[in-house]
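What follows is a set of notes on a single structure, which appears directly below.
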Amino acid sequence: MERILFYAKKHNYSKYSSTLTEAWRLSISGISYTLILSCPNELELSPDEDYTIGPAASFGILEARRHRERGISLAMFLGLLKYYRQSYMELIEHGIEPGLYRDKYRIKVERFFDRMELGFCTEWCSQSENTKMLELQTKNREVINEKNRYLTIFETIHAPVVLINEENRVENYNHAWNELFGESSIPGSTYYSKGMIPEKEIPDFLENILPGLDQSTTDYTLEKRLVTKQGVKLFQIRIKKMLDISDKYRGMVIILNDITDLEKAEKDKIQKEKIEGVLEMAGAVCHEINQPLQVVLGQTEIIKMITDEDAPIQKNLDTILSQTGKMGEITKKLMNITRYETKPYLKGAIINIDKASPDRSASG
């Protein structure tokens, strides 16, 4: 396949051929399969033979119809077919040792392509110009409908998509893109305005990205915040070069996935995990502190009761009661934490208990 593709590119046949690898693979597969079917048969030519029958001729006739419907001329098809033939001959030349077998296979392949060309030309010449025109018109309508179907799919894609050509200019925006960044939110507005408005420059945020891409890179992903009609959003930007082995379309497809909600969900998850960790720690601390705190509080009140009111120690006992009360309030706040809030402390940060645990009594 690489060999015939090389010749197609070298001699400009790729301008009129498929851009996708599978189409070329199927063409080689079809010829090879038909060649295998034909090998057991006598392939030498005769002036009285019907060249519209047999595997090679049938394949040639089928291809004649297909290519004629696509607007391919007889000369154009036969020209490329010569390079298919040459590719197979070179395969024999380099893959089989010189000798009788190589000569035998070479003649078989030559006659196979001869018969395919005869079948092709017979079918081509048997049709009137009017029939060929009707075929072409029918196929053209099918192609237009297929184009419209894929354009509709392109416009319907939920994610914003932009097609960039090899000169880094916009080929097309889809509807989702225009809803977020474009001047018009009407589906198809970019495609059908071609030629009526100046060619669009690439979006500003891509100007600093595309020039820095490695030319060998076919797939590139990054995240970036962008200003849209709906506010600032975080996008995962996926840049992929077009899968065109014919080198006709060397641009790229850029797809934006809105991950704003995903980012928020991840932040909420982290926040929840932090709160759960804080609550577990706070619960353990409160449990461990409250018990000795109650003992201190109780013993202090007993000492205060059995001590003369005028005794100097009463002031110290009041201080102990006041501070243990504050400690009790702190443990209550720890148990009421509902969000993760911190404040600077020395070179780090600590939980801001007052902000993390709203005063429920005040709100009630």
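Going through the structure tokens in order, the chains are called A, B, and so on, while each chain numbers its residues from 1 and the ligands are numbered from 1 in the order shown.
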
Requested in this report: Write out as a count of residues only all residues of segment 242-355 of chain A that DSSP puts in helix (DSSP H, G or I) for this structure's backbone.
Outcome: 72

Compile the contact shell of Asn352 of chain A as a short mmCIF file (atom, residue, chain, number, x, y, z; two decimals) with N, CA, C and O atoms, in the first residue's frame: residues with an atom at most 12 Å away, counting only C-alpha atoms, same-chain residues fewer than 3 positions apart removed.
```
data_model
loop_
_atom_site.label_atom_id
_atom_site.label_comp_id
_atom_site.auth_asym_id
_atom_site.auth_seq_id
_atom_site.Cartn_x
_atom_site.Cartn_y
_atom_site.Cartn_z
N VAL A 278 -11.35 16.74 59.03
CA VAL A 278 -11.36 17.68 60.16
C VAL A 278 -12.38 17.25 61.21
O VAL A 278 -12.10 17.29 62.42
N ILE A 330 -15.07 26.24 72.57
CA ILE A 330 -14.22 25.85 71.43
C ILE A 330 -14.57 24.44 70.96
O ILE A 330 -14.68 24.17 69.76
N LYS A 333 -17.70 24.53 68.94
CA LYS A 333 -17.46 25.02 67.59
C LYS A 333 -16.81 23.93 66.72
O LYS A 333 -17.11 23.80 65.54
N LEU A 334 -15.90 23.19 67.33
CA LEU A 334 -15.25 22.11 66.58
C LEU A 334 -16.28 21.09 66.09
O LEU A 334 -16.19 20.58 64.97
N ILE A 337 -18.35 22.29 62.84
CA ILE A 337 -17.67 22.65 61.59
C ILE A 337 -18.46 22.12 60.39
O ILE A 337 -18.83 20.95 60.34
N THR A 338 -18.71 23.01 59.42
CA THR A 338 -19.47 22.61 58.22
C THR A 338 -18.69 22.85 56.92
O THR A 338 -19.10 22.39 55.86
N ARG A 339 -17.61 23.60 56.99
CA ARG A 339 -16.82 23.84 55.78
C ARG A 339 -15.35 23.99 56.15
O ARG A 339 -15.01 24.22 57.31
N TYR A 340 -14.53 23.88 55.10
CA TYR A 340 -13.08 23.92 55.31
C TYR A 340 -12.59 25.34 55.10
O TYR A 340 -12.55 25.84 53.98
N GLU A 341 -12.27 26.02 56.22
CA GLU A 341 -11.75 27.39 56.16
C GLU A 341 -10.46 27.45 56.97
O GLU A 341 -10.38 26.90 58.07
N THR A 342 -9.45 28.13 56.42
CA THR A 342 -8.18 28.23 57.13
C THR A 342 -7.78 29.69 57.29
O THR A 342 -8.35 30.59 56.67
N LYS A 343 -6.78 29.90 58.14
CA LYS A 343 -6.20 31.23 58.31
C LYS A 343 -4.70 31.07 58.49
O LYS A 343 -4.22 30.02 58.94
N PRO A 344 -3.94 32.10 58.10
CA PRO A 344 -2.48 31.99 58.23
C PRO A 344 -2.07 31.82 59.69
O PRO A 344 -2.66 32.40 60.60
N TYR A 345 -1.04 31.02 59.87
CA TYR A 345 -0.50 30.83 61.22
C TYR A 345 0.97 30.51 61.09
O TYR A 345 1.35 29.49 60.50
N ALA A 349 -0.77 27.31 57.83
CA ALA A 349 -2.18 27.67 57.98
C ALA A 349 -2.82 26.71 58.97
O ALA A 349 -2.40 25.56 59.11
N LYS A 355 -14.93 30.75 61.30
CA LYS A 355 -15.52 30.75 59.96
C LYS A 355 -15.98 29.36 59.53
O LYS A 355 -16.92 29.22 58.75
N ALA A 356 -15.28 28.35 60.01
CA ALA A 356 -15.61 26.98 59.61
C ALA A 356 -16.86 26.46 60.31
O ALA A 356 -17.50 25.53 59.83
N SER A 357 -17.20 27.07 61.45
CA SER A 357 -18.38 26.62 62.19
C SER A 357 -19.27 27.81 62.50
O SER A 357 -19.09 28.49 63.51
N PRO A 358 -20.24 28.10 61.63
CA PRO A 358 -21.14 29.25 61.85
C PRO A 358 -21.89 29.11 63.17
O PRO A 358 -22.17 28.00 63.63
#
```

I'd like a table as a tab-separated table: residues in segment 63-125 of chain A with an atom no more than 10 Å from segment 22-42 of chain A, each row giving the shortest atom pair and its distance in Å to one decimal, only C-alpha atoms counted, sorted by chain and rising residue number.
```
residue	atom	partner	partner_atom	distance
A:Glu63	CA	A:Ser27	CA	9.9
A:Tyr84	CA	A:Ile28	CA	8.5
A:Tyr88	CA	A:Ser32	CA	9.3
A:Tyr105	CA	A:Cys39	CA	9.1
A:Lys108	CA	A:Cys39	CA	6.9
A:Val109	CA	A:Leu35	CA	7.5
A:Arg111	CA	A:Glu42	CA	9.3
A:Phe112	CA	A:Leu35	CA	6.7
A:Phe113	CA	A:Leu35	CA	8.7
A:Met116	CA	A:Ile31	CA	9.6
```

Query raised in the report: To one decimal place, how far is atom CA of Ala8 of chain A from atom CA of Leu80 of chain A in Å?
Result: 7.0 Å

**Report entry** Residues near Asp247 of chain A, cut-off 8 Å, only C-alpha atoms, skip fewer than 3 positions along chain, as a list in words
**Finding:** Ser14, Thr19, Asp244 and Arg250 of chain A

Selection: 9 Å around Leu321 of chain A, only C-alpha atoms, excl. self and same-chain fewer than 6 positions, as a compact mmCIF listing (two decimals) with N, CA, C and O atoms, in the first residue's frame:
```
# COMPACT_ATOMS: atom_id res chain seq x y z
N VAL A 296 -11.90 19.00 85.61
CA VAL A 296 -11.29 20.25 86.07
C VAL A 296 -12.39 21.22 86.51
O VAL A 296 -12.30 21.87 87.56
N LEU A 297 -13.45 21.32 85.68
CA LEU A 297 -14.54 22.24 85.99
C LEU A 297 -15.23 21.85 87.30
O LEU A 297 -15.50 22.69 88.17
N THR A 300 -12.94 22.39 90.35
CA THR A 300 -12.77 23.83 90.62
C THR A 300 -14.00 24.38 91.35
O THR A 300 -13.88 25.18 92.29
N GLU A 301 -15.18 23.96 90.91
CA GLU A 301 -16.40 24.44 91.57
C GLU A 301 -16.47 23.95 93.01
O GLU A 301 -16.94 24.67 93.92
```

Write out as a PDB file with N, CA and C atoms, in the first residue's frame each polymer residue whose atoms come within 9 Å of Ala176 of chain A, counting only C-alpha atoms; drop sequence neighbours fewer than 2 positions from it.
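Written file, around24.pdb:
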```pdb
ATOM      1  N   GLU A 155     -22.368  20.065  12.895  1.00  0.00           N
ATOM      2  CA  GLU A 155     -23.048  21.160  13.581  1.00  0.00           C
ATOM      3  C   GLU A 155     -23.731  20.692  14.864  1.00  0.00           C
ATOM      4  N   THR A 156     -24.100  19.410  14.928  1.00  0.00           N
ATOM      5  CA  THR A 156     -24.840  18.884  16.078  1.00  0.00           C
ATOM      6  C   THR A 156     -23.927  18.475  17.227  1.00  0.00           C
ATOM      7  N   ILE A 157     -22.646  18.285  16.959  1.00  0.00           N
ATOM      8  CA  ILE A 157     -21.716  17.860  18.014  1.00  0.00           C
ATOM      9  C   ILE A 157     -21.807  18.817  19.199  1.00  0.00           C
ATOM     10  N   HIS A 158     -21.964  18.249  20.381  1.00  0.00           N
ATOM     11  CA  HIS A 158     -22.184  19.058  21.583  1.00  0.00           C
ATOM     12  C   HIS A 158     -20.968  19.916  21.926  1.00  0.00           C
ATOM     13  N   ALA A 159     -19.785  19.386  21.700  1.00  0.00           N
ATOM     14  CA  ALA A 159     -18.564  20.118  22.052  1.00  0.00           C
ATOM     15  C   ALA A 159     -18.215  21.130  20.962  1.00  0.00           C
ATOM     16  N   PRO A 160     -17.662  22.281  21.329  1.00  0.00           N
ATOM     17  CA  PRO A 160     -17.210  23.252  20.327  1.00  0.00           C
ATOM     18  C   PRO A 160     -16.063  22.673  19.491  1.00  0.00           C
ATOM     19  N   VAL A 161     -16.173  22.793  18.168  1.00  0.00           N
ATOM     20  CA  VAL A 161     -15.158  22.252  17.261  1.00  0.00           C
ATOM     21  C   VAL A 161     -14.800  23.310  16.226  1.00  0.00           C
ATOM     22  N   TYR A 173     -16.343  26.535  11.865  1.00  0.00           N
ATOM     23  CA  TYR A 173     -16.729  26.409  13.273  1.00  0.00           C
ATOM     24  C   TYR A 173     -18.053  25.655  13.320  1.00  0.00           C
ATOM     25  N   ASN A 174     -18.262  24.852  14.352  1.00  0.00           N
ATOM     26  CA  ASN A 174     -19.582  24.237  14.482  1.00  0.00           C
ATOM     27  C   ASN A 174     -20.496  25.115  15.342  1.00  0.00           C
ATOM     28  N   ASN A 178     -19.849  28.504  17.902  1.00  0.00           N
ATOM     29  CA  ASN A 178     -20.426  29.831  17.663  1.00  0.00           C
ATOM     30  C   ASN A 178     -21.306  30.286  18.820  1.00  0.00           C
ATOM     31  N   GLU A 179     -21.956  29.346  19.491  1.00  0.00           N
ATOM     32  CA  GLU A 179     -22.782  29.720  20.641  1.00  0.00           C
ATOM     33  C   GLU A 179     -21.940  30.298  21.768  1.00  0.00           C
ATOM     34  N   LEU A 180     -20.698  29.834  21.879  1.00  0.00           N
ATOM     35  CA  LEU A 180     -19.831  30.305  22.962  1.00  0.00           C
ATOM     36  C   LEU A 180     -18.941  31.471  22.550  1.00  0.00           C
ATOM     37  N   PHE A 181     -18.473  31.456  21.295  1.00  0.00           N
ATOM     38  CA  PHE A 181     -17.471  32.441  20.890  1.00  0.00           C
ATOM     39  C   PHE A 181     -17.848  33.242  19.639  1.00  0.00           C
ATOM     40  N   SER A 185     -25.152  32.476  16.155  1.00  0.00           N
ATOM     41  CA  SER A 185     -25.425  31.165  16.749  1.00  0.00           C
ATOM     42  C   SER A 185     -26.338  30.332  15.859  1.00  0.00           C
ATOM     43  N   PRO A 187     -26.995  27.570  13.204  1.00  0.00           N
ATOM     44  CA  PRO A 187     -26.252  26.414  12.687  1.00  0.00           C
ATOM     45  C   PRO A 187     -25.922  26.568  11.206  1.00  0.00           C
TER      46      PRO A 187
END
```
